[in-house]
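A.B. asks: This is start03.txt, which holds compact mmCIF, C-alpha atoms:
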```
# COMPACT_ATOMS: atom_id res chain seq x y z
CA MET A 1 96.66 102.09 63.48
CA ASN A 2 99.21 104.87 63.04
CA THR A 3 97.79 108.21 61.96
CA GLU A 4 99.40 111.64 61.86
CA THR A 5 97.27 114.64 62.70
CA GLN A 6 96.76 118.21 61.65
CA SER A 7 94.97 120.99 63.48
CA THR A 8 91.53 119.74 62.38
CA PRO A 9 92.22 116.03 61.91
CA LYS A 10 89.94 113.36 60.57
CA ALA A 11 90.20 109.70 61.39
CA ASN A 12 92.08 107.52 58.93
CA SER A 13 93.41 110.38 56.79
CA PRO A 14 97.18 109.77 56.54
CA GLU A 15 97.33 111.84 53.35
CA LYS A 16 96.85 114.99 55.44
CA PRO A 17 99.99 116.93 56.42
CA PRO A 18 101.12 116.17 59.98
CA PHE A 19 100.53 118.45 62.93
CA HIS A 20 103.92 120.03 63.70
CA GLN A 21 105.40 121.56 66.80
CA LYS A 22 108.88 122.90 67.44
CA ASP A 23 110.31 119.46 68.26
CA GLY A 24 108.82 117.75 65.21
CA SER A 25 105.61 116.01 64.28
CA ILE A 26 103.13 114.44 66.70
CA GLU A 27 101.99 110.96 65.83
CA ILE A 28 98.68 109.63 67.15
CA VAL A 29 98.55 105.85 67.63
CA GLU A 30 95.39 103.94 68.50
CA VAL A 31 95.94 101.31 71.18
CA THR A 32 95.13 97.90 69.68
CA THR A 33 97.88 95.53 70.84
CA GLY A 34 99.10 94.19 74.16
CA ARG A 35 102.37 96.11 73.81
CA GLN A 36 100.48 99.34 73.21
CA VAL A 37 98.27 98.68 76.25
CA LYS A 38 101.43 98.33 78.34
CA ASP A 39 102.78 101.61 76.93
CA PHE A 40 99.44 103.25 77.72
CA LEU A 41 99.41 101.98 81.30
CA THR A 42 103.05 102.76 82.05
CA LEU A 43 103.17 106.29 80.59
CA PRO A 44 102.71 107.89 84.06
CA HIS A 45 106.09 106.41 85.12
CA SER A 46 107.82 108.94 82.86
CA ILE A 47 105.68 111.87 84.06
CA TYR A 48 105.71 111.39 87.84
CA THR A 49 109.42 110.95 88.48
CA ASP A 50 109.70 113.00 91.70
CA SER A 51 109.76 110.54 94.59
CA THR A 52 108.63 113.30 96.98
CA SER A 53 105.44 113.99 95.00
CA PRO A 54 102.11 113.15 96.67
CA TYR A 55 101.14 111.25 93.51
CA VAL A 56 99.97 107.66 94.02
CA MET A 57 100.14 105.56 90.88
CA PRO A 58 96.92 103.57 90.42
CA LEU A 59 97.35 99.83 90.10
CA GLU A 60 97.87 98.95 86.43
CA MET A 61 95.59 95.96 86.91
CA HIS A 62 92.78 98.23 88.10
CA MET A 63 93.30 100.68 85.25
CA LYS A 64 93.26 97.86 82.73
CA MET A 65 89.98 96.62 84.20
CA MET A 66 88.50 100.11 83.85
CA MET A 67 89.67 100.28 80.24
CA GLY A 68 87.76 97.11 79.49
CA LYS A 69 87.83 95.20 76.24
CA LEU A 70 89.57 96.78 73.25
CA GLY A 71 88.08 96.83 69.80
CA THR A 72 84.56 97.99 70.64
CA PRO A 73 83.22 100.55 68.16
CA GLN A 74 82.20 103.10 70.80
CA LYS A 75 85.48 103.14 72.73
CA HIS A 76 89.04 104.06 71.72
CA PHE A 77 92.40 104.64 73.41
CA PHE A 78 95.23 106.69 71.94
CA LEU A 79 98.89 107.48 72.52
CA ALA A 80 100.64 110.61 71.30
CA LYS A 81 104.26 110.19 70.27
CA VAL A 82 106.99 112.75 69.66
CA GLY A 83 110.24 111.46 68.22
CA GLY A 84 109.05 107.92 68.85
CA GLN A 85 108.50 108.56 72.57
CA ASN A 86 105.09 108.35 74.24
CA VAL A 87 104.27 111.76 75.69
CA ALA A 88 100.48 111.75 76.18
CA ARG A 89 97.49 109.41 76.30
CA LEU A 90 93.70 109.61 76.12
CA GLY A 91 90.65 107.35 76.15
CA ILE A 92 87.23 108.18 74.71
CA LYS A 93 83.83 106.49 74.76
CA THR A 94 80.46 107.43 73.37
CA HIS A 95 78.18 107.42 76.38
CA THR A 96 74.38 107.59 76.40
CA ASN A 97 72.36 108.50 79.47
CA GLU A 98 68.65 109.32 79.51
CA GLY A 99 68.58 109.50 75.73
CA HIS A 100 71.45 111.98 75.42
CA THR A 101 74.80 110.91 73.97
CA ARG A 102 78.11 112.56 74.79
CA LEU A 103 81.73 111.73 74.10
CA HIS A 104 83.31 111.03 77.47
CA PHE A 105 87.09 111.23 77.74
CA GLY A 106 89.39 109.89 80.43
CA PHE A 107 92.73 108.27 81.25
CA PHE A 108 94.32 111.61 80.32
CA GLU A 109 98.01 112.07 81.01
CA CYS A 110 100.48 114.41 79.32
CA HIS A 111 104.09 115.43 79.80
CA PRO A 112 103.75 119.10 80.85
CA GLN A 113 106.30 120.18 78.24
CA TYR A 114 104.17 118.78 75.41
CA PRO A 115 100.79 120.61 75.59
CA GLU A 116 100.63 120.42 71.79
CA ALA A 117 100.43 116.63 72.09
CA ALA A 118 97.39 116.95 74.36
CA LYS A 119 95.70 119.24 71.86
CA ALA A 120 96.48 116.85 69.02
CA LEU A 121 94.91 114.01 71.01
CA ILE A 122 91.78 115.97 71.94
CA ASP A 123 91.34 117.27 68.39
CA PHE A 124 91.87 113.86 66.83
CA ALA A 125 89.54 112.09 69.25
CA HIS A 126 86.78 114.69 68.94
CA ALA A 127 86.98 114.56 65.13
CA LYS A 128 85.92 110.92 65.30
CA TYR A 129 82.58 112.00 66.79
CA PRO A 130 82.26 115.68 65.79
CA GLN A 131 78.51 115.79 66.45
CA LEU A 132 78.95 115.04 70.17
CA GLU A 133 79.72 117.25 73.13
CA MET A 134 82.97 116.13 74.75
CA MET A 135 83.12 115.85 78.54
CA GLY A 136 85.46 114.49 81.20
CA PRO A 137 87.73 113.25 82.51
CA PHE A 138 85.65 110.19 83.43
CA HIS A 139 86.54 106.49 83.23
CA PHE A 140 83.90 106.51 81.73
CA ARG A 141 81.07 107.36 84.16
CA GLN A 142 81.04 110.22 86.65
CA GLU A 143 80.71 107.74 89.52
CA ASP A 144 83.80 105.77 88.45
CA PRO A 145 87.15 106.13 90.31
CA TYR A 146 89.68 108.87 89.56
CA VAL A 147 87.19 111.45 88.30
CA GLY A 148 88.23 114.97 87.36
CA VAL A 149 91.47 116.95 87.28
CA LEU A 150 93.03 118.32 90.45
CA VAL A 151 93.19 122.14 90.28
CA GLU A 152 93.70 123.05 93.97
CA GLY A 153 95.44 121.21 96.79
CA PHE A 154 98.62 119.99 95.08
CA GLU A 155 100.53 119.94 98.35
CA LEU A 156 98.16 117.29 99.75
CA ALA A 157 98.21 113.56 99.13
CA PRO A 158 95.23 112.12 97.26
CA PHE A 159 92.89 109.75 99.03
CA PHE A 160 92.05 106.27 97.78
CA MET A 161 90.75 106.23 94.18
CA MET A 162 91.07 110.00 93.82
CA PRO A 163 93.34 111.48 91.14
CA TYR A 164 96.49 113.55 91.37
CA ASN A 165 98.13 115.37 88.45
CA PRO A 166 100.61 118.14 87.62
CA PRO A 167 99.32 121.71 88.18
CA THR A 168 99.64 122.35 84.42
CA TYR A 169 96.75 120.05 83.44
CA ASP A 170 94.06 122.70 83.91
CA LYS A 171 95.87 125.09 81.56
CA ILE A 172 96.66 122.31 79.09
CA LEU A 173 93.05 121.14 78.84
CA LYS A 174 91.72 124.67 78.51
CA GLY A 175 94.29 125.17 75.76
CA CYS A 176 92.66 122.22 73.99
CA GLY A 177 89.37 124.11 73.80
CA LEU A 178 87.82 122.49 76.88
CA ALA A 179 85.99 124.71 79.35
CA SER A 180 85.34 124.24 83.05
CA THR A 181 81.90 122.67 83.52
CA MET A 182 81.71 121.55 87.15
CA ASP A 183 83.99 121.62 90.16
CA LEU A 184 84.13 118.91 92.81
CA PHE A 185 85.05 119.89 96.38
CA THR A 186 86.69 117.79 99.07
CA TYR A 187 86.73 118.47 102.80
CA GLN A 188 89.17 117.46 105.52
CA VAL A 189 87.64 116.33 108.82
CA ASN A 190 89.55 115.59 112.02
CA GLY A 191 87.77 112.82 113.91
CA TYR A 192 89.39 113.70 117.22
CA GLU A 193 87.83 117.16 117.15
CA GLY A 194 84.37 115.60 117.32
CA LEU A 195 81.15 116.81 115.79
CA PRO A 196 79.71 120.28 116.40
CA GLU A 197 76.72 120.29 118.75
CA ILE A 198 74.31 121.33 115.99
CA VAL A 199 74.99 118.10 114.08
CA LYS A 200 74.51 116.01 117.22
CA GLU A 201 71.26 117.82 117.98
CA ASN A 202 69.94 117.24 114.45
CA ALA A 203 70.91 113.58 114.71
CA LEU A 204 69.08 113.18 118.01
CA LYS A 205 66.03 114.97 116.61
CA ALA A 206 65.90 112.65 113.61
CA LYS A 207 66.12 109.58 115.81
CA LYS A 208 63.25 110.78 118.00
CA GLU A 209 60.92 112.16 115.34
CA LEU A 210 61.41 109.35 112.82
CA ASN A 211 62.10 106.56 115.29
CA LEU A 212 65.26 106.15 113.24
CA THR A 213 67.81 103.43 113.86
CA ILE A 214 71.27 102.75 112.44
CA ARG A 215 72.74 99.47 111.23
CA THR A 216 76.01 98.59 109.49
CA LEU A 217 76.75 96.57 106.36
CA ASP A 218 76.12 92.82 106.50
CA PRO A 219 79.27 91.28 104.94
CA LYS A 220 77.51 87.93 104.51
CA ASN A 221 74.91 89.39 102.13
CA LEU A 222 76.88 91.74 99.89
CA ASN A 223 74.75 91.25 96.79
CA LYS A 224 71.58 92.11 98.68
CA GLU A 225 73.25 95.08 100.41
CA ALA A 226 74.59 96.45 97.11
CA ARG A 227 71.11 96.36 95.57
CA ILE A 228 69.65 98.19 98.58
CA ILE A 229 72.33 100.86 98.23
CA ALA A 230 71.67 101.17 94.50
CA GLU A 231 67.94 101.64 95.12
CA ILE A 232 68.61 104.36 97.72
CA PHE A 233 71.13 106.24 95.60
CA ASN A 234 69.13 105.96 92.37
CA GLU A 235 66.22 107.72 94.05
CA ALA A 236 68.12 110.04 96.37
CA LEU A 237 70.67 111.37 93.88
CA SER A 238 68.58 111.36 90.71
CA GLU A 239 68.52 115.16 90.44
CA ASN A 240 72.26 115.64 91.07
CA TRP A 241 74.26 117.03 88.17
CA GLY A 242 75.71 114.22 86.07
CA PHE A 243 74.36 111.38 88.21
CA GLU A 244 73.72 108.12 86.39
CA GLU A 245 71.54 105.32 87.64
CA PHE A 246 73.23 102.28 89.16
CA LEU A 247 72.47 99.37 86.82
CA ASP A 248 73.30 95.67 87.18
CA GLU A 249 76.87 96.21 85.95
CA GLN A 250 77.52 98.90 88.57
CA VAL A 251 75.94 96.75 91.30
CA LYS A 252 78.37 93.95 90.42
CA GLU A 253 81.26 96.42 90.55
CA MET A 254 80.02 97.61 93.96
CA VAL A 255 80.05 94.05 95.28
CA MET A 256 83.65 93.60 94.09
CA LEU A 257 84.61 96.91 95.72
CA PHE A 258 83.05 95.75 98.98
CA LYS A 259 84.85 92.41 98.89
CA LEU A 260 88.27 93.95 98.29
CA PHE A 261 88.29 97.30 100.04
CA ILE A 262 85.33 97.98 102.31
CA ASP A 263 85.41 97.77 106.07
CA PRO A 264 81.78 96.76 106.79
CA ARG A 265 81.89 98.60 110.10
CA VAL A 266 82.00 101.96 108.30
CA VAL A 267 79.11 101.49 105.89
CA ALA A 268 75.99 102.63 107.73
CA PHE A 269 72.30 102.45 106.91
CA ALA A 270 69.50 104.55 108.40
CA GLN A 271 66.25 102.68 108.96
CA VAL A 272 62.68 103.73 109.65
CA ASP A 273 60.20 100.99 110.56
CA GLY A 274 62.71 98.40 109.40
CA LYS A 275 63.15 99.97 105.95
CA ASP A 276 66.52 101.31 104.76
CA ILE A 277 66.01 104.98 103.89
CA GLY A 278 69.59 106.27 103.81
CA CYS A 279 73.17 105.09 103.48
CA LEU A 280 76.64 106.45 104.19
CA ILE A 281 79.62 104.69 102.63
CA MET A 282 83.14 105.27 103.93
CA ILE A 283 86.19 103.69 102.29
CA PRO A 284 89.47 103.19 104.18
CA ASN A 285 92.29 105.16 102.59
CA TYR A 286 94.64 102.45 101.32
CA ASN A 287 96.95 104.72 99.34
CA HIS A 288 99.75 104.24 101.85
CA ILE A 289 99.91 100.54 100.95
CA ILE A 290 99.51 101.15 97.20
CA LYS A 291 102.04 103.95 96.69
CA PRO A 292 105.22 101.88 97.28
CA SER A 293 104.13 99.37 94.62
CA LYS A 294 104.28 102.03 91.84
CA GLY A 295 101.33 100.49 90.06
CA LYS A 296 102.49 96.88 90.26
CA LEU A 297 100.71 94.01 91.97
CA GLY A 298 103.50 92.23 93.83
CA LEU A 299 104.23 90.31 97.00
CA GLY A 300 105.01 93.46 98.95
CA LEU A 301 101.63 94.96 98.13
CA LEU A 302 99.84 91.76 99.06
CA MET A 303 101.61 91.65 102.43
CA ARG A 304 100.70 95.28 103.09
CA TYR A 305 97.12 94.58 102.00
CA PHE A 306 96.67 91.71 104.44
CA GLY A 307 97.99 93.91 107.25
CA ARG A 308 95.94 96.93 106.16
CA ASN A 309 93.67 97.06 109.22
CA LYS A 310 96.68 97.66 111.48
CA THR A 311 98.18 100.47 109.39
CA THR A 312 95.19 102.39 108.01
CA ASN A 313 94.17 105.41 110.07
CA SER A 314 92.38 107.59 107.53
CA ILE A 315 89.14 107.15 105.66
CA ARG A 316 87.33 108.62 102.69
CA GLY A 317 83.72 109.80 102.83
CA TYR A 318 82.63 108.19 99.60
CA ALA A 319 78.85 108.56 99.26
CA LEU A 320 75.78 109.65 101.19
CA GLY A 321 72.20 109.25 100.01
CA VAL A 322 68.84 109.72 101.72
CA LEU A 323 65.47 108.98 100.12
CA LYS A 324 63.77 112.24 99.09
CA LYS A 325 60.85 111.72 101.48
CA TYR A 326 63.27 111.86 104.41
CA GLN A 327 65.61 114.59 103.21
CA GLY A 328 65.70 117.68 105.40
CA HIS A 329 64.89 115.69 108.55
CA GLY A 330 68.42 115.22 109.89
CA VAL A 331 69.03 111.73 108.52
CA GLY A 332 72.38 112.78 107.09
CA SER A 333 73.37 114.16 110.49
CA ALA A 334 72.29 110.90 112.16
CA LEU A 335 74.43 108.84 109.78
CA THR A 336 77.37 111.19 110.29
CA ASP A 337 77.01 111.07 114.07
CA ALA A 338 76.91 107.27 113.97
CA MET A 339 80.01 107.16 111.77
CA PHE A 340 81.99 109.35 114.19
CA LYS A 341 81.02 107.04 117.04
CA ILE A 342 82.04 103.96 115.05
CA GLY A 343 85.05 105.18 113.09
CA VAL A 344 87.14 107.14 115.56
CA PRO A 345 87.35 104.42 118.27
CA ILE A 346 88.55 101.83 115.72
CA GLY A 347 91.35 104.10 114.50
CA TYR A 348 90.00 106.17 111.63
CA ALA A 349 91.11 109.54 112.96
CA GLU A 350 91.37 111.48 109.70
CA CYS A 351 88.67 111.74 107.05
CA GLU A 352 88.38 113.32 103.64
CA ILE A 353 84.91 113.83 102.22
CA SER A 354 85.46 113.36 98.51
CA TRP A 355 83.78 114.48 96.52
CA ILE A 356 80.84 116.94 96.59
CA LEU A 357 79.48 118.80 93.56
CA ALA A 358 80.08 122.55 93.78
CA ASN A 359 76.35 123.18 93.25
CA ASN A 360 75.18 120.68 95.89
CA ASN A 361 74.53 123.30 98.54
CA SER A 362 72.98 121.01 101.14
CA MET A 363 75.90 118.55 101.11
CA ASN A 364 78.49 121.33 101.15
CA GLU A 365 76.73 122.87 104.13
CA LEU A 366 76.63 119.50 105.92
CA ALA A 367 80.35 119.01 105.29
CA LYS A 368 81.08 122.42 106.79
CA ALA A 369 78.67 121.85 109.68
CA MET A 370 80.57 118.72 110.73
CA GLY A 371 83.77 120.77 110.91
CA GLY A 372 85.01 120.01 107.41
CA LYS A 373 87.60 122.32 105.89
CA GLN A 374 87.63 122.53 102.09
CA ASN A 375 91.07 121.34 100.99
CA LYS A 376 90.97 120.33 97.29
CA VAL A 377 89.14 121.12 94.09
CA TYR A 378 88.76 118.76 91.13
CA ARG A 379 87.38 119.88 87.77
CA ILE A 380 85.22 118.47 84.98
CA TYR A 381 85.55 119.96 81.48
CA SER A 382 83.42 120.02 78.36
CA LYS A 383 83.77 120.99 74.71
CA ALA A 384 80.89 121.76 72.37
CA PRO A 385 80.30 119.72 69.21
CA LEU A 386 82.60 120.76 66.40
CA ASN A 387 81.47 123.44 63.99
CA ASN A 388 78.97 122.39 61.32
CA ALA A 389 78.22 119.13 63.18
CA THR A 390 74.73 118.08 64.20
CA ARG A 391 74.43 117.23 67.88
CA ASN A 392 72.58 114.06 68.96
```
As structure tokens, please, write out the structure in this file.

C.D. replies:
Amino acid sequence: MNTETQSTPKANSPEKPPFHQKDGSIEIVEVTTGRQVKDFLTLPHSIYTDSTSPYVMPLEMHMKMMMGKLGTPQKHFFLAKVGGQNVARLGIKTHTNEGHTRLHFGFFECHPQYPEAAKALIDFAHAKYPQLEMMGPFHFRQEDPYVGVLVEGFELAPFFMMPYNPPTYDKILKGCGLASTMDLFTYQVNGYEGLPEIVKENALKAKKELNLTIRTLDPKNLNKEARIIAEIFNEALSENWGFEEFLDEQVKEMVMLFKLFIDPRVVAFAQVDGKDIGCLIMIPNYNHIIKPSKGKLGLGLLMRYFGRNKTTNSIRGYALGVLKKYQGHGVGSALTDAMFKIGVPIGYAECEISWILANNNSMNELAKAMGGKQNKVYRIYSKAPLNNATRN
């Protein structure tokens, strides 16, 4: 479907005058064919052309999996063209959680010199569902990979499944009428520096008072382990901003993640009386083996993947959850202490905790207590329903 836009576009209204900028009209194309999917996936190649940039192009295969099946009524993908050239892209999906429906957007990329194309995309997409609040970038859940827009820390390389983008994206999205809704913080931790004594003391206290023990992931029972993790996180994180319950689909995705990317030695469970009451998931940072492939799955990437354990020396603090009954008793410190004792000796010297909600005071304090230094900020944006529209 080829549709030209104006400043307040409506879907399927080609009789409207086109949206114009100084270089000509902007054409919005909905992605419906294999060729258009390829154009959508490969657009970043024309944006991230500096070989010295920290940017790591996600695998096109992974991005295509996250896009899912085309042609569903609640999900759409668009390209913006100027002079026949693709200059921006966007995905949207109506998303319902706990009875509230929003329009989530993701997969956003835009040539910095074409902010008008980004605005045309956002306006056009929002006009399809004017009654909904728009929020993102997600793909299309907050817990999915590559969440948010980087707004601080551009000199640093992203960790595995974390985004990187030009510094202009914050300004571009705000110019589209989107406002900052939530920031996500990351922290750098040097394993060789060890844990501060206060964390070790809290860990020891938890072990004594709760008779707490630590175990690691059982790689022979991944389905069972994933369901245990889902149960812990669904209860532990239920009050966190934007958190969505892990359902069967997400459990299946977790199992696939474990099979492909997890080192079972660095997924730890806290137990009391034989029951799992907390979990800490670390993911090895494989970006160094992905970056040379430039998004392609080839022989070189496969060879690097099979040798990953010999070349990977950094790790990402992915998720920590403790059942509410046991929160405030040092269980998080005990899991962190155990991870230092496990991870550093097997070569994971550098860690990035990514990410923590800006308003999650207890987790931000724990990150700082373990010696973490805040190094990046990612941002989530939202846009109110359009004027004269009734919100669900």

A.B. asks: What does the distance from atom CA of A:Glu350 to atom CA of A:Arg141 come to in Å, to one decimal?

C.D. replies: 27.8 Å

A.B. asks: Given the point (84.4, 107.2, 109.4) in the coordinates of this file, which residues lie within 6 Å, counting only C-alpha atoms, and how would they look as a list of chain:residue names?

C.D. replies: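 Neighbouring residues, ordered by chain and number, come to A:Val266, A:Met282, A:Met339, A:Phe340, A:Gly343.
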
A.B. asks: Mind giving me the straight-line distance from atom CA of A:Ile356 to atom CA of A:Tyr48 in Å, one decimal?

C.D. replies: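 One can read the atom CA of A:Ile356 to atom CA of A:Tyr48 distance as 26.9 Å.
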
A.B. asks: For the contact check between stretch 258-345 of chain A and stretch 55-71 of chain A, emit one row per residue of stretch 258-345 of chain A within 6 Å, containing the shortest atom pair and the distance in Å rounded to one decimal, counting all atoms listed in the file, chain then rising number order, as a tab-separated table.

C.D. replies:
```
residue	atom	partner	partner_atom	distance
A:Lys291	CA	A:Val56	CA	5.0
A:Lys294	CA	A:Met57	CA	5.5
A:Gly295	CA	A:Leu59	CA	4.0
A:Lys296	CA	A:Leu59	CA	5.9
```

A.B. asks: Tell me which of A:Val322, A:Lys93, A:Gly99, A:Met162 sits closest to A:Tyr146, counting all atoms listed in the file.

C.D. replies: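 Nearest candidate to A:Tyr146 out of A:Val322, A:Lys93, A:Gly99, A:Met162: A:Met162.
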
A.B. asks: For a test of reading the model, state the distance in Å between atom CA of A:Phe107 and atom CA of A:Pro44, rounded to one decimal.

C.D. replies: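 So the two atoms, atom CA of A:Phe107 and atom CA of A:Pro44, lie 10.4 Å apart.
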
A.B. asks: Would you pick out the contacts of stretch 212-218 of chain A at 7 Å or less, using only C-alpha atoms, so that residues sharing its chain but fewer than 2 positions from it are not included, and give the list as a PyMOL selection string?

C.D. replies: chain A and resi 206-208+210+220-222+264-272

A.B. asks: Fewer than 6 positions away in the same chain doesn't count, so skip those; otherwise give me all residues within 9 Å of A:His288, counting all atoms listed in the file, as a PyMOL selection string.

C.D. replies: chain A and resi 56+160+311-312

A.B. asks: Ranking A:Tyr378, A:Phe159, A:Phe105, A:Tyr326 by minimum distance to A:Met134 and counting all atoms listed in the file, which one comes first?

C.D. replies: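 Of all the options, A:Phe105 lies closest to A:Met134.
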
A.B. asks: At a cut-off of 10 Å from (84.1, 123.4, 102.1) in the coordinates of the file, what residues are picked up using only C-alpha atoms, written as a PyMOL selection string?

C.D. replies: chain A and resi 185-188+353+356+358+363-369+371-377

A.B. asks: Find the spatial neighbours of stretch 33-36 of chain A, counting only C-alpha atoms, within a cut-off of 12 Å - ignore same-chain residues fewer than 3 positions away - and output them as a PyMOL selection string.

C.D. replies: chain A and resi 1-2+29-30+39-43+64+69-71+77-81+86+89

A.B. asks: Restricting the calculation to all atoms listed in the file, which member of A:Thr32, A:Pro385, A:Gly83, A:Asn211 is positioned closest to A:Asp273?

C.D. replies: A:Asn211

A.B. asks: Smallest atom-to-atom distance to A:Gln85: which of A:Glu116, A:Glu27, A:Glu235, A:Glu143, using all atoms listed in the file?

C.D. replies: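 The answer is A:Glu27, which sits nearest to A:Gln85.
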
A.B. asks: For a quick check of understanding, using only C-alpha atoms, which of A:Asn97, A:Asn240, A:Ser180, A:Asn313 has the smallest distance to A:Tyr381?

C.D. replies: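 Once distances to A:Tyr381 are computed over only C-alpha atoms, the minimum belongs to A:Ser180.
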
A.B. asks: Return the single residue from A:Phe246, A:Glu155, A:Ala127, A:Lys324 that is closest to A:Ile228, with distances computed using all atoms listed in the file.

C.D. replies: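 Selected residue with least distance to A:Ile228: A:Phe246.
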
A.B. asks: Which residues come within 12 Å of A:Glu231, counting only C-alpha atoms, excluding same-chain residues fewer than 5 positions away, as a PyMOL selection string?

C.D. replies: chain A and resi 224-226+236-238+245-248+250-251+275-279+321-323
